There are 2 protein chains.
Amino acid sequence: MTGRLAVIGIGPGDHRYLTTEAEEALAAADALYGYGPYLARVPLRPSQAIHPSHNREESARARAALQHAVEGASVALVSGGDPGVFAMAAAVCEEIEVGPEAWRSLDVSMVPGLTAMLAVAARVGAPLGHDFCALSLSDNLKPWGLIERRLDAAASVGFVIALYNPISRARPTQLGIALERLRRHLPASTPVVFGRAIGRPDERVNVMTLETADPTAADMATLIIIGSPRTRVIARPGRLPLIYTPRAAQGISP
Amino acid sequence: MTGRLAVIGIGPGDHRYLTTEAEEALAAADALYGYGPYLARVPLRPSQAIHPSHNREESARARAALQHAVEGASVALVSGGDPGVFAMAAAVCEEIEVGPEAWRSLDVSMVPGLTAMLAVAARVGAPLGHDFCALSLSDNLKPWGLIERRLDAAASVGFVIALYNPISRARPTQLGIALERLRRHLPASTPVVFGRAIGRPDERVNVMTLETADPTAADMATLIIIGSPRTRVIARPGRLPLIYTPRAAQGISP
């Protein structure tokens, strides 16, 4: 069996965020699978077959890519950001675990990429400069009560919090509820960053505070960073402020 | 004033993990600052001046790079991994906040890179496929009691945990203490991954369990991922097992 599957992270979208490893893995594929808008950002050769699919079809997309690879093709499964962070790598592993025996013998590799929180953080300074957590706000696959327990735990011990999947048409209210919950733990002045489409023409980055953060300003592609009580804002003449979390946390509680 | 400072993430070390943006930013610099072994991995032009420094001198290195940029040079400050994750970006922000007025007017940009946890995770599957946190185990800059509270909080609500700076010559015992503490919360069978130098000749990745994890197998360049109670291991014939954390967490507590 010569087929193989590479699950490839293309970063936030700008081709300058692609790694050389990802470029080479994309170029080596016979067939590319992925969410349509991600495939549209990838440089293609005419001999490469593309198989776009819709956003919510991760499991079916993973199965189709695995099956195609088992048949002998070199298959690329294109993922936004990093495939290992709220993206396609876990979906592929889930299907391998329950799928045909042959899928467990397949040459499968994960090609890491820049996940959104790193790109958004870089735009504003270093908000993830101290301990942090990354949490998906979607309750499609976990109970909302668990999300609340995680928000409570993270805020009460001083983790900076990166929120993925903050909102969708089917879940319009959860970001507002989450921000309200975090206001129980964190000062009103805590910096909050909304970032989307970093490096693309429709890039948008807004810095607010926990008090002023407006959940209606987010869409499903927005990544949100909520500072800790230690996160700082440096005003700069003629430039956007720098937002960062100091490395040191001496003598604080938490 | 035409000087500028770019704080550039070069990823785990293999040049194939560099982004195009990082390559371009490195090429545009007149002078490069950084920890010696990181600078040694960067392609240089003969006209570029290099200013290597030691590992523990982050603040002095940040000040030197800022001062050189303010004098009109295009300066690159080279960081391993991602500069925003336990690396140079926060150190630069700290110095800008307390430094001369001119540093706050400077053109400063952060160029994101692949942080170690993404590269290690990709090697073994998708252990960061569900909510996770990233925690530095160094108590040089924060009290050990705070680290323990964060470990307790993270494990008790089901975050996967990525540990940076697990050990050093001055801190030989802390990883062992941390693993012992996590055993209070997590099953003995919880998968634990030790990874270092991903993509380099001295790459080493070991998969263990929380029961068998051996702290003496780590060095200061090791990144450790500790699964949640939901993290799974898929045995594969003739291949290394896949380690992943499923996207779903339905009906579990936590």
# chains A, B, ... in the order shown; residues from 1 in each chain; ligands from 1
$ closest_atom_pairs --of "chain B" --to "chain A" --cutoff "7 Å" --atoms "only C-alpha atoms" --output "tab-separated table"
residue	atom	partner	partner_atom	distance
B:Arg16	CA	A:Thr20	CA	4.7
B:Tyr17	CA	A:Thr19	CA	5.2
B:Leu18	CA	A:Thr19	CA	5.4
B:Thr19	CA	A:Thr19	CA	4.3
B:Thr20	CA	A:Arg16	CA	4.7
B:Glu21	CA	A:Arg16	CA	5.0
B:Gly84	CA	A:Ala126	CA	5.1
B:Val85	CA	A:Gly129	CA	5.3
B:Phe86	CA	A:Gly129	CA	5.6
B:Ala89	CA	A:Ala126	CA	5.7
B:Ala90	CA	A:Ala126	CA	5.3
B:Cys93	CA	A:Tyr244	CA	6.7
B:Glu94	CA	A:Pro246	CA	6.6
B:Glu97	CA	A:Ile234	CA	6.2
B:Arg104	CA	A:Arg236	CA	5.3
B:Ser105	CA	A:Pro237	CA	6.0
B:Met110	CA	A:Ala122	CA	5.0
B:Val111	CA	A:Ala122	CA	6.4
B:Pro112	CA	A:Ala122	CA	6.0
B:Gly113	CA	A:Leu114	CA	6.7
B:Leu114	CA	A:Leu114	CA	6.0
B:Leu118	CA	A:Pro112	CA	6.2
B:Ala119	CA	A:Pro112	CA	6.0
B:Ala122	CA	A:Met110	CA	5.0
B:Arg123	CA	A:Met110	CA	6.8
B:Gly125	CA	A:Met110	CA	6.7
B:Ala126	CA	A:Gly84	CA	5.1
B:Leu128	CA	A:Val85	CA	5.9
B:Gly129	CA	A:Ala90	CA	5.3
B:His130	CA	A:Phe86	CA	6.5
B:Asp131	CA	A:Leu135	CA	4.7
B:Phe132	CA	A:Ala134	CA	5.5
B:Cys133	CA	A:Cys133	CA	3.8
B:Ala134	CA	A:Phe132	CA	5.5
B:Leu135	CA	A:Asp131	CA	4.7
B:Ser136	CA	A:Asp131	CA	6.5
B:Leu141	CA	A:Ala248	CA	4.4
B:Lys142	CA	A:Ala249	CA	4.6
B:Pro143	CA	A:Gln250	CA	6.2
B:Leu146	CA	A:Pro254	CA	6.3
B:Arg149	CA	A:Val157	CA	6.8
B:Arg150	CA	A:Val157	CA	5.9
B:Ala153	CA	A:Ala153	CA	5.8
B:Val157	CA	A:Arg150	CA	5.9
B:Ile234	CA	A:Glu97	CA	6.2
B:Arg236	CA	A:Arg104	CA	5.3
B:Pro237	CA	A:Ser105	CA	6.0
B:Tyr244	CA	A:Ala90	CA	6.2
B:Thr245	CA	A:Ala90	CA	6.7
B:Pro246	CA	A:Ala90	CA	6.0
B:Arg247	CA	A:Ala90	CA	6.6
B:Ala248	CA	A:Leu141	CA	4.4
B:Ala249	CA	A:Lys142	CA	4.6
B:Gln250	CA	A:Lys142	CA	4.7
B:Pro254	CA	A:Leu146	CA	6.4
$ residues_around --residues "Ala218 (chain A)" --least-positions-apart "6" --cutoff "9 Å" --atoms "only C-alpha atoms" --output "MDAnalysis selection string"
chainID A and resid 166:167 175 194:196 224
$ closest_residue --among "B:Met220, B:Ala188, B:Leu26, B:Ile10" --to "Arg171 (chain B)" --atoms "only C-alpha atoms"
B:Met220
$ residues_around --residues "Val207 (chain A)" --least-positions-apart "3" --cutoff "8 Å" --atoms "only C-alpha atoms" --output "number ranges by chain"
A: 191-194
$ atom_distance --atom1 "CA of Leu223 (chain B)" --atom2 "CA of Ala6 (chain A)"
23.2 Å
$ atom_distance --atom1 "CA of Val42 (chain A)" --atom2 "CA of Gly81 (chain A)"
13.0 Å
$ closest_residue --among "B:Pro187, B:Gln174, B:Ala28, B:Thr2" --to "Ser47 (chain B)" --atoms "only C-alpha atoms"
B:Ala28
$ decode --residues "region 16-46 of chain B" --atoms "N, CA, C and O atoms" --output "PDB file, in the first residue's frame"
ATOM      1  N   ARG B  16      12.359  24.018   7.728  1.00  0.00           N
ATOM      2  CA  ARG B  16      11.094  23.812   7.023  1.00  0.00           C
ATOM      3  C   ARG B  16       9.898  24.310   7.828  1.00  0.00           C
ATOM      4  O   ARG B  16       8.790  24.393   7.327  1.00  0.00           O
ATOM      5  N   TYR B  17      10.118  24.607   9.123  1.00  0.00           N
ATOM      6  CA  TYR B  17       9.045  25.154   9.955  1.00  0.00           C
ATOM      7  C   TYR B  17       9.003  26.679   9.921  1.00  0.00           C
ATOM      8  O   TYR B  17       8.142  27.282  10.552  1.00  0.00           O
ATOM      9  N   LEU B  18       9.947  27.313   9.232  1.00  0.00           N
ATOM     10  CA  LEU B  18       9.897  28.774   9.080  1.00  0.00           C
ATOM     11  C   LEU B  18       8.738  29.156   8.174  1.00  0.00           C
ATOM     12  O   LEU B  18       8.498  28.515   7.153  1.00  0.00           O
ATOM     13  N   THR B  19       8.040  30.233   8.510  1.00  0.00           N
ATOM     14  CA  THR B  19       7.059  30.778   7.571  1.00  0.00           C
ATOM     15  C   THR B  19       7.769  31.713   6.581  1.00  0.00           C
ATOM     16  O   THR B  19       8.876  32.193   6.831  1.00  0.00           O
ATOM     17  N   THR B  20       7.089  31.967   5.472  1.00  0.00           N
ATOM     18  CA  THR B  20       7.625  32.919   4.502  1.00  0.00           C
ATOM     19  C   THR B  20       7.770  34.288   5.131  1.00  0.00           C
ATOM     20  O   THR B  20       8.753  35.006   4.888  1.00  0.00           O
ATOM     21  N   GLU B  21       6.810  34.674   5.962  1.00  0.00           N
ATOM     22  CA  GLU B  21       6.884  35.971   6.628  1.00  0.00           C
ATOM     23  C   GLU B  21       8.155  36.070   7.481  1.00  0.00           C
ATOM     24  O   GLU B  21       8.841  37.092   7.474  1.00  0.00           O
ATOM     25  N   ALA B  22       8.475  35.006   8.209  1.00  0.00           N
ATOM     26  CA  ALA B  22       9.675  35.022   9.046  1.00  0.00           C
ATOM     27  C   ALA B  22      10.940  35.074   8.190  1.00  0.00           C
ATOM     28  O   ALA B  22      11.878  35.813   8.499  1.00  0.00           O
ATOM     29  N   GLU B  23      10.956  34.305   7.106  1.00  0.00           N
ATOM     30  CA  GLU B  23      12.125  34.336   6.205  1.00  0.00           C
ATOM     31  C   GLU B  23      12.352  35.740   5.670  1.00  0.00           C
ATOM     32  O   GLU B  23      13.486  36.235   5.633  1.00  0.00           O
ATOM     33  N   GLU B  24      11.260  36.395   5.243  1.00  0.00           N
ATOM     34  CA  GLU B  24      11.395  37.745   4.686  1.00  0.00           C
ATOM     35  C   GLU B  24      11.850  38.734   5.756  1.00  0.00           C
ATOM     36  O   GLU B  24      12.675  39.618   5.488  1.00  0.00           O
ATOM     37  N   ALA B  25      11.318  38.584   6.962  1.00  0.00           N
ATOM     38  CA  ALA B  25      11.705  39.504   8.039  1.00  0.00           C
ATOM     39  C   ALA B  25      13.170  39.310   8.420  1.00  0.00           C
ATOM     40  O   ALA B  25      13.887  40.285   8.702  1.00  0.00           O
ATOM     41  N   LEU B  26      13.633  38.067   8.432  1.00  0.00           N
ATOM     42  CA  LEU B  26      15.048  37.806   8.724  1.00  0.00           C
ATOM     43  C   LEU B  26      15.936  38.420   7.642  1.00  0.00           C
ATOM     44  O   LEU B  26      16.965  39.041   7.937  1.00  0.00           O
ATOM     45  N   ALA B  27      15.530  38.260   6.381  1.00  0.00           N
ATOM     46  CA  ALA B  27      16.351  38.755   5.274  1.00  0.00           C
ATOM     47  C   ALA B  27      16.436  40.277   5.263  1.00  0.00           C
ATOM     48  O   ALA B  27      17.430  40.856   4.808  1.00  0.00           O
ATOM     49  N   ALA B  28      15.395  40.935   5.786  1.00  0.00           N
ATOM     50  CA  ALA B  28      15.342  42.406   5.738  1.00  0.00           C
ATOM     51  C   ALA B  28      16.149  43.068   6.844  1.00  0.00           C
ATOM     52  O   ALA B  28      16.296  44.296   6.856  1.00  0.00           O
ATOM     53  N   ALA B  29      16.683  42.293   7.780  1.00  0.00           N
ATOM     54  CA  ALA B  29      17.347  42.881   8.951  1.00  0.00           C
ATOM     55  C   ALA B  29      18.796  43.270   8.650  1.00  0.00           C
ATOM     56  O   ALA B  29      19.500  42.580   7.920  1.00  0.00           O
ATOM     57  N   ASP B  30      19.227  44.408   9.253  1.00  0.00           N
ATOM     58  CA  ASP B  30      20.647  44.776   9.239  1.00  0.00           C
ATOM     59  C   ASP B  30      21.403  44.021  10.327  1.00  0.00           C
ATOM     60  O   ASP B  30      22.580  43.692  10.174  1.00  0.00           O
ATOM     61  N   ALA B  31      20.732  43.808  11.456  1.00  0.00           N
ATOM     62  CA  ALA B  31      21.392  43.213  12.620  1.00  0.00           C
ATOM     63  C   ALA B  31      20.443  42.211  13.252  1.00  0.00           C
ATOM     64  O   ALA B  31      19.237  42.436  13.309  1.00  0.00           O
ATOM     65  N   LEU B  32      20.997  41.087  13.727  1.00  0.00           N
ATOM     66  CA  LEU B  32      20.184  40.046  14.352  1.00  0.00           C
ATOM     67  C   LEU B  32      20.675  39.783  15.774  1.00  0.00           C
ATOM     68  O   LEU B  32      21.871  39.566  16.000  1.00  0.00           O
ATOM     69  N   TYR B  33      19.739  39.807  16.703  1.00  0.00           N
ATOM     70  CA  TYR B  33      20.014  39.498  18.102  1.00  0.00           C
ATOM     71  C   TYR B  33      19.314  38.184  18.442  1.00  0.00           C
ATOM     72  O   TYR B  33      18.300  37.841  17.853  1.00  0.00           O
ATOM     73  N   GLY B  34      19.867  37.477  19.452  1.00  0.00           N
ATOM     74  CA  GLY B  34      19.182  36.265  19.897  1.00  0.00           C
ATOM     75  C   GLY B  34      20.101  35.356  20.690  1.00  0.00           C
ATOM     76  O   GLY B  34      21.321  35.586  20.761  1.00  0.00           O
ATOM     77  N   TYR B  35      19.488  34.353  21.268  1.00  0.00           N
ATOM     78  CA  TYR B  35      20.226  33.278  21.937  1.00  0.00           C
ATOM     79  C   TYR B  35      21.101  32.601  20.875  1.00  0.00           C
ATOM     80  O   TYR B  35      20.638  32.305  19.771  1.00  0.00           O
ATOM     81  N   GLY B  36      22.376  32.384  21.191  1.00  0.00           N
ATOM     82  CA  GLY B  36      23.339  31.896  20.206  1.00  0.00           C
ATOM     83  C   GLY B  36      22.864  30.723  19.355  1.00  0.00           C
ATOM     84  O   GLY B  36      22.901  30.797  18.110  1.00  0.00           O
ATOM     85  N   PRO B  37      22.383  29.629  19.972  1.00  0.00           N
ATOM     86  CA  PRO B  37      21.963  28.467  19.168  1.00  0.00           C
ATOM     87  C   PRO B  37      20.801  28.765  18.214  1.00  0.00           C
ATOM     88  O   PRO B  37      20.679  28.119  17.172  1.00  0.00           O
ATOM     89  N   TYR B  38      19.935  29.744  18.558  1.00  0.00           N
ATOM     90  CA  TYR B  38      18.867  30.101  17.616  1.00  0.00           C
ATOM     91  C   TYR B  38      19.453  30.846  16.416  1.00  0.00           C
ATOM     92  O   TYR B  38      19.101  30.570  15.269  1.00  0.00           O
ATOM     93  N   LEU B  39      20.357  31.799  16.683  1.00  0.00           N
ATOM     94  CA  LEU B  39      20.971  32.541  15.571  1.00  0.00           C
ATOM     95  C   LEU B  39      21.720  31.597  14.635  1.00  0.00           C
ATOM     96  O   LEU B  39      21.746  31.811  13.420  1.00  0.00           O
ATOM     97  N   ALA B  40      22.299  30.536  15.211  1.00  0.00           N
ATOM     98  CA  ALA B  40      23.064  29.593  14.389  1.00  0.00           C
ATOM     99  C   ALA B  40      22.181  28.842  13.404  1.00  0.00           C
ATOM    100  O   ALA B  40      22.676  28.280  12.429  1.00  0.00           O
ATOM    101  N   ARG B  41      20.862  28.831  13.629  1.00  0.00           N
ATOM    102  CA  ARG B  41      19.949  28.108  12.723  1.00  0.00           C
ATOM    103  C   ARG B  41      19.406  28.981  11.600  1.00  0.00           C
ATOM    104  O   ARG B  41      18.658  28.504  10.757  1.00  0.00           O
ATOM    105  N   VAL B  42      19.740  30.280  11.633  1.00  0.00           N
ATOM    106  CA  VAL B  42      19.139  31.228  10.706  1.00  0.00           C
ATOM    107  C   VAL B  42      20.066  31.439   9.508  1.00  0.00           C
ATOM    108  O   VAL B  42      21.266  31.596   9.681  1.00  0.00           O
ATOM    109  N   PRO B  43      19.513  31.415   8.273  1.00  0.00           N
ATOM    110  CA  PRO B  43      20.352  31.740   7.109  1.00  0.00           C
ATOM    111  C   PRO B  43      20.752  33.208   7.146  1.00  0.00           C
ATOM    112  O   PRO B  43      19.907  34.070   7.350  1.00  0.00           O
ATOM    113  N   LEU B  44      22.034  33.491   6.960  1.00  0.00           N
ATOM    114  CA  LEU B  44      22.531  34.869   7.090  1.00  0.00           C
ATOM    115  C   LEU B  44      23.165  35.334   5.790  1.00  0.00           C
ATOM    116  O   LEU B  44      23.707  34.545   5.022  1.00  0.00           O
ATOM    117  N   ARG B  45      23.102  36.654   5.569  1.00  0.00           N
ATOM    118  CA  ARG B  45      23.883  37.282   4.507  1.00  0.00           C
ATOM    119  C   ARG B  45      25.155  37.854   5.133  1.00  0.00           C
ATOM    120  O   ARG B  45      25.145  38.231   6.315  1.00  0.00           O
ATOM    121  N   PRO B  46      26.239  37.964   4.353  1.00  0.00           N
ATOM    122  CA  PRO B  46      27.497  38.450   4.932  1.00  0.00           C
ATOM    123  C   PRO B  46      27.369  39.852   5.527  1.00  0.00           C
ATOM    124  O   PRO B  46      28.075  40.194   6.476  1.00  0.00           O
TER     125      PRO B  46
END
